[in-house]
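Participant: To be precise about what I am sending: the file is called upload.tsv and holds TSV, C-alpha atoms and all ligand atoms.
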chain	number	residue	atom	x	y	z
A	1	MET	CA	7.00	2.27	-64.76
A	2	SER	CA	8.79	3.08	-61.54
A	3	THR	CA	11.22	5.91	-61.96
A	4	ILE	CA	14.45	6.90	-60.23
A	5	PRO	CA	14.46	10.56	-59.16
A	6	TYR	CA	17.59	12.72	-59.30
A	7	ALA	CA	17.26	13.63	-55.62
A	8	ARG	CA	15.06	12.63	-52.74
A	9	GLN	CA	14.83	13.40	-49.04
A	10	ASP	CA	15.09	10.61	-46.47
A	11	VAL	CA	12.67	11.14	-43.59
A	12	SER	CA	12.98	8.50	-40.85
A	13	ASP	CA	10.49	7.51	-38.15
A	14	ALA	CA	12.71	9.35	-35.66
A	15	ASP	CA	12.43	12.51	-37.81
A	16	VAL	CA	8.63	12.16	-37.82
A	17	GLU	CA	8.56	11.68	-34.04
A	18	ALA	CA	10.76	14.75	-33.51
A	19	VAL	CA	8.34	16.86	-35.56
A	20	ALA	CA	5.32	15.39	-33.73
A	21	ARG	CA	6.90	16.29	-30.38
A	22	ALA	CA	7.43	19.86	-31.58
A	23	LEU	CA	3.80	20.08	-32.70
A	24	LYS	CA	2.59	19.03	-29.26
A	25	SER	CA	5.00	21.28	-27.37
A	26	ASP	CA	4.38	24.85	-26.18
A	27	TRP	CA	6.26	26.27	-29.16
A	28	LEU	CA	5.47	26.21	-32.86
A	29	THR	CA	7.55	29.26	-33.74
A	30	GLN	CA	10.53	30.91	-32.02
A	31	GLY	CA	10.93	28.05	-29.57
A	32	PRO	CA	13.97	26.33	-28.09
A	33	ARG	CA	14.62	23.99	-31.03
A	34	ILE	CA	15.74	26.83	-33.28
A	35	ALA	CA	18.56	27.84	-30.94
A	36	GLU	CA	19.43	24.17	-30.42
A	37	PHE	CA	19.64	23.62	-34.20
A	38	GLU	CA	21.78	26.75	-34.58
A	39	ARG	CA	24.17	25.65	-31.82
A	40	ALA	CA	24.49	22.14	-33.25
A	41	VAL	CA	25.32	23.34	-36.78
A	42	ALA	CA	27.67	26.09	-35.55
A	43	GLN	CA	29.58	23.65	-33.37
A	44	TYR	CA	29.86	21.09	-36.17
A	45	CYS	CA	31.07	23.66	-38.70
A	46	GLY	CA	33.44	25.30	-36.23
A	47	VAL	CA	31.93	28.78	-36.45
A	48	ARG	CA	30.90	31.18	-33.67
A	49	HIS	CA	27.37	32.09	-34.73
A	50	ALA	CA	24.46	30.63	-36.68
A	51	VAL	CA	21.14	32.28	-37.54
A	52	ALA	CA	18.40	29.92	-38.79
A	53	MET	CA	16.05	31.35	-41.42
A	54	SER	CA	12.97	30.45	-43.41
A	55	ASN	CA	15.10	29.36	-46.39
A	56	GLY	CA	18.54	29.71	-47.94
A	57	THR	CA	17.43	32.55	-50.21
A	58	ALA	CA	16.38	34.60	-47.16
A	59	ALA	CA	19.78	33.90	-45.60
A	60	LEU	CA	21.52	35.13	-48.79
A	61	HIS	CA	19.35	38.27	-48.81
A	62	LEU	CA	20.15	39.16	-45.20
A	63	ALA	CA	23.83	38.28	-45.61
A	64	GLY	CA	23.87	40.74	-48.52
A	65	ILE	CA	22.35	43.52	-46.41
A	66	ALA	CA	24.63	42.75	-43.47
A	67	ALA	CA	27.66	42.82	-45.81
A	68	GLY	CA	26.66	46.32	-46.91
A	69	LEU	CA	25.10	45.67	-50.34
A	70	GLY	CA	22.90	48.49	-51.60
A	71	PRO	CA	22.46	50.85	-54.53
A	72	GLY	CA	25.75	51.54	-56.30
A	73	LYS	CA	27.35	48.32	-54.98
A	74	ARG	CA	28.18	45.21	-56.98
A	75	LEU	CA	27.92	41.51	-56.21
A	76	TRP	CA	29.72	38.96	-58.35
A	77	THR	CA	28.94	35.26	-58.44
A	78	SER	CA	29.21	32.19	-60.65
A	79	PRO	CA	26.83	31.83	-63.62
A	80	ASN	CA	26.68	28.09	-62.83
A	81	THR	CA	24.35	28.35	-59.84
A	82	PHE	CA	20.74	28.59	-58.79
A	83	VAL	CA	19.30	32.05	-59.50
A	84	ALA	CA	19.10	32.86	-55.77
A	85	SER	CA	22.90	33.36	-55.51
A	86	ALA	CA	22.56	36.34	-57.87
A	87	ASN	CA	19.04	37.57	-57.03
A	88	CYS	CA	20.09	38.45	-53.47
A	89	ALA	CA	22.08	41.40	-54.87
A	90	LEU	CA	19.03	42.75	-56.71
A	91	TYR	CA	16.88	42.47	-53.54
A	92	CYS	CA	19.39	44.85	-51.94
A	93	GLY	CA	19.33	47.31	-54.85
A	94	ALA	CA	22.86	46.31	-55.87
A	95	THR	CA	23.92	45.07	-59.32
A	96	VAL	CA	25.09	41.61	-60.40
A	97	GLY	CA	28.18	40.51	-62.30
A	98	PHE	CA	29.38	37.00	-63.08
A	99	VAL	CA	32.76	35.32	-63.20
A	100	ASP	CA	33.10	32.35	-65.58
A	101	ILE	CA	33.68	28.85	-64.26
A	102	ASP	CA	36.63	26.51	-64.31
A	103	PRO	CA	35.80	23.75	-66.83
A	104	ARG	CA	37.04	21.00	-64.52
A	105	SER	CA	35.73	21.97	-61.07
A	106	TYR	CA	32.53	23.67	-62.40
A	107	ASN	CA	33.20	26.27	-59.69
A	108	ILE	CA	34.14	29.92	-60.17
A	109	SER	CA	37.52	30.18	-61.93
A	110	VAL	CA	40.18	31.87	-59.82
A	111	ALA	CA	42.10	32.88	-62.97
A	112	ALA	CA	38.96	34.49	-64.47
A	113	LEU	CA	38.26	36.21	-61.15
A	114	GLU	CA	41.77	37.59	-60.93
A	115	GLU	CA	41.58	38.93	-64.48
A	116	LYS	CA	38.16	40.50	-63.97
A	117	LEU	CA	39.24	42.12	-60.70
A	118	ALA	CA	42.31	43.68	-62.32
A	119	ALA	CA	40.12	45.12	-65.10
A	120	ALA	CA	37.49	46.32	-62.61
A	121	LYS	CA	40.15	48.10	-60.58
A	122	GLU	CA	41.18	50.01	-63.72
A	123	HIS	CA	37.57	51.01	-64.36
A	124	GLY	CA	36.67	51.73	-60.74
A	125	SER	CA	34.04	48.98	-60.80
A	126	LEU	CA	35.24	46.57	-58.13
A	127	PRO	CA	32.62	44.38	-56.43
A	128	ALA	CA	31.63	44.89	-52.80
A	129	VAL	CA	30.75	41.21	-52.38
A	130	LEU	CA	31.71	37.93	-54.04
A	131	VAL	CA	29.47	34.87	-53.68
A	132	PRO	CA	31.48	31.72	-54.40
A	133	VAL	CA	29.16	28.71	-54.77
A	134	HIS	CA	30.49	25.32	-53.70
A	135	PHE	CA	28.88	23.64	-56.68
A	136	GLY	CA	27.61	20.12	-56.06
A	137	GLY	CA	29.30	20.20	-52.64
A	138	GLN	CA	32.82	20.66	-54.06
A	139	PRO	CA	34.62	23.50	-52.23
A	140	CYS	CA	35.81	26.49	-54.24
A	141	GLU	CA	39.46	27.50	-54.02
A	142	MET	CA	38.78	29.58	-50.94
A	143	ARG	CA	42.39	30.22	-49.97
A	144	GLU	CA	43.12	31.88	-53.31
A	145	ILE	CA	39.75	33.70	-53.32
A	146	GLY	CA	40.41	34.87	-49.76
A	147	GLY	CA	43.79	36.25	-50.87
A	148	LEU	CA	42.12	38.21	-53.67
A	149	SER	CA	39.52	39.59	-51.25
A	150	GLU	CA	42.33	41.05	-49.14
A	151	ARG	CA	44.04	42.49	-52.19
A	152	TYR	CA	40.92	44.05	-53.71
A	153	GLY	CA	38.85	44.67	-50.58
A	154	PHE	CA	35.63	42.78	-51.28
A	155	ARG	CA	33.62	40.74	-48.79
A	156	ILE	CA	32.85	37.06	-49.26
A	157	ILE	CA	29.50	35.33	-48.75
A	158	GLU	CA	29.90	31.60	-49.38
A	159	ASP	CA	26.86	29.91	-50.89
A	160	ALA	CA	27.23	26.50	-49.25
A	161	SER	CA	23.68	25.37	-50.08
A	162	HIS	CA	25.20	22.18	-51.54
A	163	ALA	CA	28.08	21.80	-49.14
A	164	LEU	CA	27.06	21.07	-45.54
A	165	GLY	CA	29.66	18.53	-44.40
A	166	ALA	CA	32.22	19.37	-47.08
A	167	GLU	CA	35.82	19.81	-45.95
A	168	TYR	CA	38.52	22.14	-47.20
A	169	ARG	CA	42.18	22.30	-46.14
A	170	GLY	CA	41.61	20.75	-42.74
A	171	GLY	CA	38.46	22.74	-41.88
A	172	LYS	CA	34.75	22.40	-42.50
A	173	ILE	CA	32.90	24.47	-45.07
A	174	GLY	CA	30.93	26.86	-42.85
A	175	ASP	CA	33.82	27.72	-40.55
A	176	CYS	CA	34.09	31.09	-42.38
A	177	THR	CA	37.90	31.01	-42.40
A	178	TYR	CA	37.90	32.94	-45.69
A	179	SER	CA	34.47	34.62	-45.59
A	180	ASP	CA	32.23	36.97	-43.62
A	181	VAL	CA	29.15	34.78	-43.91
A	182	THR	CA	28.41	31.25	-45.13
A	183	VAL	CA	24.87	30.36	-46.18
A	184	LEU	CA	23.27	26.90	-45.97
A	185	SER	CA	19.98	25.62	-47.41
A	186	PHE	CA	17.81	22.88	-45.94
A	187	HIS	CA	15.48	22.58	-48.94
A	188	ALA	CA	14.19	19.02	-49.41
A	189	VAL	CA	16.80	18.04	-52.01
A	190	LYS	CA	19.81	19.30	-50.04
A	191	ILE	CA	22.16	17.34	-47.74
A	192	ILE	CA	19.77	17.62	-44.77
A	193	THR	CA	16.27	19.09	-44.86
A	194	SER	CA	13.90	21.02	-42.63
A	195	GLY	CA	11.27	21.17	-45.42
A	196	GLU	CA	12.15	24.75	-46.24
A	197	GLY	CA	14.96	26.29	-44.24
A	198	GLY	CA	18.34	27.94	-44.29
A	199	MET	CA	21.08	29.28	-42.05
A	200	ALA	CA	23.66	32.05	-42.07
A	201	LEU	CA	26.95	31.32	-40.29
A	202	THR	CA	29.48	33.94	-39.22
A	203	ASN	CA	32.38	34.53	-36.84
A	204	ARG	CA	31.68	38.25	-36.65
A	205	ASP	CA	29.67	39.44	-33.65
A	206	ASP	CA	28.45	42.58	-35.46
A	207	LEU	CA	27.14	40.59	-38.44
A	208	TYR	CA	25.51	38.10	-36.10
A	209	ARG	CA	23.63	40.91	-34.39
A	210	SER	CA	22.42	42.43	-37.66
A	211	LEU	CA	21.42	39.06	-39.12
A	212	SER	CA	19.42	38.25	-35.97
A	213	ARG	CA	17.62	41.60	-36.03
A	214	LEU	CA	16.95	41.57	-39.78
A	215	ARG	CA	15.45	38.08	-39.49
A	216	THR	CA	12.71	39.44	-37.27
A	217	HIS	CA	11.53	42.83	-38.65
A	218	GLY	CA	14.67	44.69	-37.56
A	219	ILE	CA	13.39	44.45	-33.99
A	220	THR	CA	15.58	44.10	-30.92
A	221	ARG	CA	14.72	43.33	-27.30
A	222	ASP	CA	18.31	43.81	-26.16
A	223	PRO	CA	18.64	47.10	-24.20
A	224	ALA	CA	22.27	47.34	-25.35
A	225	GLU	CA	21.09	47.70	-28.99
A	226	MET	CA	18.33	50.24	-28.29
A	227	GLU	CA	18.40	53.89	-29.27
A	228	GLN	CA	15.82	55.11	-26.75
A	229	PRO	CA	15.27	54.34	-23.07
A	230	ALA	CA	12.79	51.48	-22.48
A	231	ASP	CA	9.20	52.58	-21.77
A	232	GLY	CA	8.66	49.47	-19.63
A	233	PRO	CA	9.06	45.71	-19.53
A	234	TRP	CA	6.99	45.28	-22.73
A	235	TYR	CA	9.33	47.48	-24.74
A	236	TYR	CA	11.07	46.54	-27.96
A	237	GLU	CA	12.57	48.65	-30.69
A	238	GLN	CA	12.65	48.51	-34.45
A	239	THR	CA	16.06	49.86	-35.43
A	240	ASP	CA	16.33	48.58	-39.05
A	241	LEU	CA	13.93	47.59	-41.81
A	242	GLY	CA	13.93	43.83	-41.36
A	243	TYR	CA	11.77	40.95	-42.54
A	244	ASN	CA	9.97	37.94	-41.16
A	245	TYR	CA	12.49	35.33	-42.25
A	246	ARG	CA	12.14	33.12	-39.17
A	247	MET	CA	12.31	29.36	-39.20
A	248	THR	CA	9.55	27.61	-37.23
A	249	ASP	CA	10.25	25.31	-34.29
A	250	ILE	CA	8.55	22.56	-36.31
A	251	GLN	CA	11.12	22.95	-39.09
A	252	ALA	CA	13.96	23.17	-36.58
A	253	ALA	CA	12.79	19.88	-35.02
A	254	LEU	CA	13.06	18.19	-38.43
A	255	GLY	CA	16.36	19.94	-39.16
A	256	LEU	CA	17.88	18.87	-35.84
A	257	SER	CA	16.76	15.28	-36.22
A	258	GLN	CA	18.13	15.20	-39.79
A	259	PHE	CA	21.34	16.84	-38.59
A	260	SER	CA	21.91	13.96	-36.16
A	261	ARG	CA	22.04	11.72	-39.27
A	262	LEU	CA	24.46	13.92	-41.23
A	263	GLY	CA	27.40	11.51	-40.87
A	264	GLU	CA	25.33	8.68	-42.34
A	265	PHE	CA	24.05	10.90	-45.17
A	266	LEU	CA	27.56	12.04	-46.14
A	267	ALA	CA	29.07	8.56	-45.96
A	268	ARG	CA	26.38	7.22	-48.27
A	269	ARG	CA	26.76	10.05	-50.80
A	270	ARG	CA	30.54	9.58	-50.83
A	271	ALA	CA	30.20	5.84	-51.32
A	272	LEU	CA	27.74	6.35	-54.19
A	273	ALA	CA	30.08	8.88	-55.81
A	274	ALA	CA	33.02	6.47	-55.59
A	275	ARG	CA	30.83	3.71	-57.04
A	276	TYR	CA	29.69	5.92	-59.95
A	277	GLU	CA	33.33	6.75	-60.66
A	278	ARG	CA	34.13	3.03	-61.00
A	279	LEU	CA	31.00	2.12	-62.96
A	280	LEU	CA	31.35	4.99	-65.44
A	281	ALA	CA	34.96	4.23	-66.33
A	282	GLY	CA	35.60	4.15	-70.06
A	283	LEU	CA	32.51	6.14	-71.08
A	284	PRO	CA	32.90	9.29	-73.20
A	285	LEU	CA	32.31	11.69	-70.33
A	286	SER	CA	34.11	13.48	-67.53
A	287	THR	CA	33.14	14.05	-63.91
A	288	GLN	CA	33.70	16.93	-61.51
A	289	GLY	CA	37.35	17.54	-60.65
A	290	GLN	CA	38.08	17.15	-56.96
A	291	HIS	CA	40.33	19.54	-55.06
A	292	PRO	CA	43.31	17.53	-53.72
A	293	ASP	CA	42.86	18.92	-50.19
A	294	ALA	CA	39.06	18.91	-49.98
A	295	GLN	CA	36.17	16.48	-49.55
A	296	SER	CA	32.93	17.10	-51.39
A	297	ALA	CA	29.52	16.70	-49.73
A	298	TRP	CA	28.28	15.29	-53.08
A	299	HIS	CA	24.97	17.11	-53.26
A	300	LEU	CA	25.06	16.51	-57.02
A	301	TYR	CA	26.68	13.93	-59.26
A	302	VAL	CA	27.21	15.58	-62.66
A	303	VAL	CA	28.63	13.98	-65.78
A	304	ARG	CA	29.85	16.09	-68.70
A	305	LEU	CA	29.44	14.37	-72.06
A	306	ASP	CA	32.44	14.45	-74.34
A	307	SER	CA	30.43	15.56	-77.38
A	308	ALA	CA	33.22	14.76	-79.84
A	309	ARG	CA	33.13	11.09	-78.75
A	310	CYS	CA	29.31	10.71	-78.35
A	311	ARG	CA	27.07	9.35	-81.09
A	312	ARG	CA	24.00	11.01	-79.57
A	313	SER	CA	23.47	14.66	-78.76
A	314	HIS	CA	23.32	15.92	-75.19
A	315	ARG	CA	19.58	16.40	-75.51
A	316	GLU	CA	19.07	12.89	-76.92
A	317	VAL	CA	21.00	11.38	-74.02
A	318	PHE	CA	19.02	13.47	-71.51
A	319	GLU	CA	15.68	12.50	-73.07
A	320	GLY	CA	16.80	8.89	-73.45
A	321	MET	CA	17.58	8.69	-69.72
A	322	ARG	CA	14.16	10.08	-68.81
A	323	ALA	CA	12.47	7.71	-71.29
A	324	ARG	CA	14.23	4.88	-69.42
A	325	GLY	CA	12.79	6.09	-66.11
A	326	VAL	CA	15.92	7.84	-64.87
A	327	MET	CA	14.80	11.35	-63.94
A	328	VAL	CA	18.08	13.10	-64.66
A	329	ASN	CA	18.30	16.86	-64.26
A	330	LEU	CA	20.55	19.71	-65.35
A	331	HIS	CA	22.37	22.00	-62.93
A	332	TYR	CA	22.46	24.76	-64.01
A	333	ILE	CA	21.07	26.84	-66.84
A	334	PRO	CA	23.63	29.69	-66.73
A	335	VAL	CA	21.95	32.45	-64.73
A	336	HIS	CA	22.95	35.17	-67.22
A	337	LEU	CA	20.91	33.43	-69.95
A	338	GLN	CA	17.65	33.70	-67.98
A	339	PRO	CA	15.25	36.19	-69.64
A	340	TYR	CA	15.32	38.38	-66.53
A	341	TYR	CA	19.09	38.66	-66.66
A	342	ARG	CA	19.16	39.15	-70.44
A	343	LYS	CA	16.95	42.18	-69.86
A	344	LEU	CA	19.67	43.45	-67.51
A	345	GLY	CA	22.09	43.32	-70.45
A	346	PHE	CA	23.66	39.85	-70.39
A	347	SER	CA	23.77	37.72	-73.51
A	348	ARG	CA	24.91	34.43	-74.97
A	349	GLY	CA	28.68	34.29	-75.27
A	350	ASP	CA	29.34	36.31	-72.10
A	351	PHE	CA	30.54	33.29	-70.07
A	352	PRO	CA	31.63	30.65	-72.59
A	353	GLN	CA	32.85	28.06	-70.09
A	354	ALA	CA	29.51	28.04	-68.21
A	355	GLU	CA	27.66	27.88	-71.53
A	356	ARG	CA	29.77	25.00	-72.87
A	357	TYR	CA	29.28	23.18	-69.56
A	358	TYR	CA	25.51	23.70	-69.86
A	359	ALA	CA	25.58	22.08	-73.32
A	360	GLU	CA	27.22	18.92	-71.91
A	361	ALA	CA	26.16	18.42	-68.28
A	362	ILE	CA	23.67	15.93	-66.87
A	363	SER	CA	22.97	15.41	-63.14
A	364	LEU	CA	22.61	11.71	-62.37
A	365	PRO	CA	20.54	10.49	-59.41
A	366	MET	CA	22.36	11.10	-56.10
A	367	TYR	CA	20.65	10.75	-52.73
A	368	PHE	CA	20.94	8.84	-49.46
A	369	GLY	CA	18.28	6.23	-50.35
A	370	LEU	CA	19.62	5.43	-53.85
A	371	ALA	CA	19.93	1.63	-53.91
A	372	GLU	CA	22.91	0.06	-55.65
A	373	ARG	CA	20.64	-1.83	-58.04
A	374	ASP	CA	19.01	1.48	-59.03
A	375	GLN	CA	22.43	3.05	-59.47
A	376	ASP	CA	23.30	0.08	-61.71
A	377	GLU	CA	20.14	0.83	-63.76
A	378	VAL	CA	21.25	4.44	-64.15
A	379	VAL	CA	24.65	3.39	-65.45
A	380	LYS	CA	23.15	0.72	-67.72
A	381	ALA	CA	20.84	3.31	-69.31
A	382	LEU	CA	23.72	5.71	-69.81
A	383	ARG	CA	25.93	2.98	-71.32
A	384	GLU	CA	23.17	2.03	-73.79
A	385	LEU	CA	22.80	5.63	-74.87
A	386	LEU	CA	26.51	6.28	-75.18
A	387	ALA	CA	27.36	2.93	-76.82
A	401	LIG	C1	19.00	25.62	-52.92
A	401	LIG	C2	19.90	26.71	-53.27
A	401	LIG	C3	19.71	28.03	-52.82
A	401	LIG	C4	18.46	28.52	-52.16
A	401	LIG	O1	18.05	27.81	-51.10
A	401	LIG	P1	16.51	27.78	-50.68
A	401	LIG	O2	16.60	27.21	-49.31
A	401	LIG	O3	15.79	26.90	-51.66
A	401	LIG	O4	16.00	29.17	-50.69
A	401	LIG	C5	20.69	28.98	-53.09
A	401	LIG	N1	21.80	28.66	-53.78
A	401	LIG	C6	21.99	27.42	-54.26
A	401	LIG	C7	23.25	27.13	-55.01
A	401	LIG	C8	21.05	26.42	-54.03
A	401	LIG	O5	21.25	25.20	-54.53
Please, can you express the file's structure as structure tokens?
Ligand SMILES: *Cc1c(COP(=O)(O)O)cnc(C)c1O
Facilitator:
Amino acid sequence: MSTIPYARQDVSDADVEAVARALKSDWLTQGPRIAEFERAVAQYCGVRHAVAMSNGTAALHLAGIAAGLGPGKRLWTSPNTFVASANCALYCGATVGFVDIDPRSYNISVAALEEKLAAAKEHGSLPAVLVPVHFGGQPCEMREIGGLSERYGFRIIEDASHALGAEYRGGKIGDCTYSDVTVLSFHAVKIITSGEGGMALTNRDDLYRSLSRLRTHGITRDPAEMEQPADGPWYYEQTDLGYNYRMTDIQAALGLSQFSRLGEFLARRRALAARYERLLAGLPLSTQGQHPDAQSAWHLYVVRLDSARCRRSHREVFEGMRARGVMVNLHYIPVHLQPYYRKLGFSRGDFPQAERYYAEAISLPMYFGLAERDQDEVVKALRELLA
């Protein structure tokens, strides 16, 4: 039986040729394509600086360090995300807290955030960093979150792993209007791919310099950043404890070639989302609420079953879809329910909206190459199960 995956990359002949040219060039790592990829993404997003990295998780880690996370500091994020959005705090020796989601947007709830901040101020436990996650490509309420960051003095690192190409209040996600750093992922299932890959975007020159150094062992070759006089033309200095989080030129070649197709990718995802919306009308489910002044990048297409009106359980519908060859998925298991996080003290009941969402959500197939007849199959299977 042929199956329909929930996500799938689209690698064209032109993408393959771009990678082949990189392989035959003088540069496999640290070559010109990395800077070219960074410039292209920065220009598109309308941000001053971009630093390409080995993956999005590495970009989150370094953004955390650059934003000052360390022992005694707190990072807050959404429980409805991939574990990496929270883990980056622990890499830095900081602690993690979560803010429950809004049941309609599936993003962090501004009301819950406001309430938690007021309580944290009382207890002297305010976060140093907030990581809003643009879930499924739908922008968070950044204007309101930005206002709260000014009032309570925390920094913002946007996790835009799902949201390259998303728009919010007349700007692009990635322009860092409301944040210090925005992080992208180019993992194979994301909007564009470089195999593995990620990027940190920022308007701040100081953060750009630290991110660039931290990406490559904390080493600088810029005399202006050195603490000692140069011994000679070979000289470089390690000024921080950095990492090897570099992207290769081979990956950048794929990323750049994919980036040139971004408009096509987004248009297709938006058309598929609009088509799902029409085809699913009347079924006992709801779909992600859209911000009136934003455009999603539609990384994911999630339906939430209306359990009271469904004959079958969430699990039966999920298994029934897979049995019919539709490889649905679930984004996300609330991070605080992971065994690792339970050992840190979190438990069931801590974030009821994220937990209720988890009991009802199913990610339907959503990717550039999804044919309309396959999308029809997906909807037919779902209709059968919900009939
Ligand atoms: C994919 C993803 C990441 C991590 O990106 P990688 O490139 O796989 O390291 C982080 N946060 C979210 C929300 C993601 O979906």
Participant: Assuming 6 Å of padding per side, give the centre and edge lengths of the axis-aligned box around every listed atom of segment 182-189 of chain A, in Å to one decimal and as lines of an AutoDock Vina configuration file.
Facilitator:
center_x = 21.3
center_y = 24.6
center_z = -48.6
size_x = 26.2
size_y = 25.2
size_z = 18.9
Participant: Name the residues in contact with segment 308-317 of chain A at a cut-off of 12 Å, using all atoms listed in the file, excluding same-chain residues fewer than 5 positions from it; report them as number ranges by chain.
Facilitator: A: 282-286, 303, 322-324, 326-330, 356-364, 381-387
Participant: Skipping near chain neighbours, those fewer than 4 positions away, what residues fall within 12 Å of segment 271-280 of chain A using only C-alpha atoms, listed as a ChimeraX atom specification?
Facilitator: /A:136-137,264-267,284-290,295-305,364-383,386
Participant: Kindly work out which residues sit at most 6 Å from ligand LIG 401 (chain A), using all atoms listed in the file, and give the list as a PyMOL selection string.
Facilitator: chain A and resi 55-57+81-82+84-85+159+161-162+185-187+196-198
Participant: Mind giving me the straight-line distance from atom CA of Thr77 of chain A to atom CA of Glu141 of chain A in Å, one decimal?
Facilitator: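 Those two atoms sit 13.8 Å apart.
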Participant: Figure out the distance between atom CA of Pro79 of chain A and atom CA of Ala354 of chain A, please, to one decimal in Å.
Facilitator: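 These atoms are spaced 6.5 Å apart.
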Participant: Please provide the set of residues having any atom within 8 Å of Gly146 of chain A, restricted to all atoms listed in the file, with same-chain residues fewer than 4 positions apart removed, written as a VMD selection string.
Facilitator: chain A and resid 142 150 156 178 to 179
Participant: Given the choices A:His134, A:Ile34, A:His61, A:Val11, which gets closest to Leu90 of chain A if the distance is worked out from only C-alpha atoms?
Facilitator: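 Smallest separation from Leu90 of chain A among the options: A:His61.
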Participant: Kindly give the distance, in Å, that separates atom CA of Asn80 of chain A and atom CA of Ile65 of chain A, rounded to a single decimal.
Facilitator: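 A separation of 22.9 Å between them.
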Participant: Could you check which of A:Ala58, A:Cys176, A:Leu207, A:Ala230 is closest to Gly46 of chain A, using only C-alpha atoms?
Facilitator: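 Nearest to Gly46 of chain A: A:Cys176.
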Participant: May I have the protein, DNA and RNA residues with any atom at most 6 Å from the point (14.9, 34.6, -42.8), counting all atoms listed in the file, written as an NGL selection string?
Facilitator: :A and (53-54 or 58-59 or 215 or 245-246)
Participant: Tell me, as number ranges by chain, which residues lie within 10 Å of Ala160 of chain A, counting only C-alpha atoms; anything in the same chain fewer than 4 positions away does not count.
Facilitator: A: 56, 131-140, 164-166, 173-174, 182-185, 199-200
Participant: From the options A:Leu130, A:Leu28, A:Ile191, A:Ile157, which residue's atoms come nearest to Ala7 of chain A, counting all atoms listed in the file?
Facilitator: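 Ranked by minimum distance to Ala7 of chain A, first place goes to A:Ile191.
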Participant: Using all atoms listed in the file, which residue out of A:Ile101, A:Leu262, A:Arg268, A:Ala50 lies closest to Asp205 of chain A?
Facilitator: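 With all atoms listed in the file as the atom set, the closest residue is A:Ala50.
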Participant: Restricting the calculation to only C-alpha atoms, which member of A:Tyr106, A:Pro5, A:Ala89, A:Tyr340 is positioned closest to Pro71 of chain A?
Facilitator: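 Comparing A:Tyr106, A:Pro5, A:Ala89, A:Tyr340 against Pro71 of chain A, the winner is A:Ala89.
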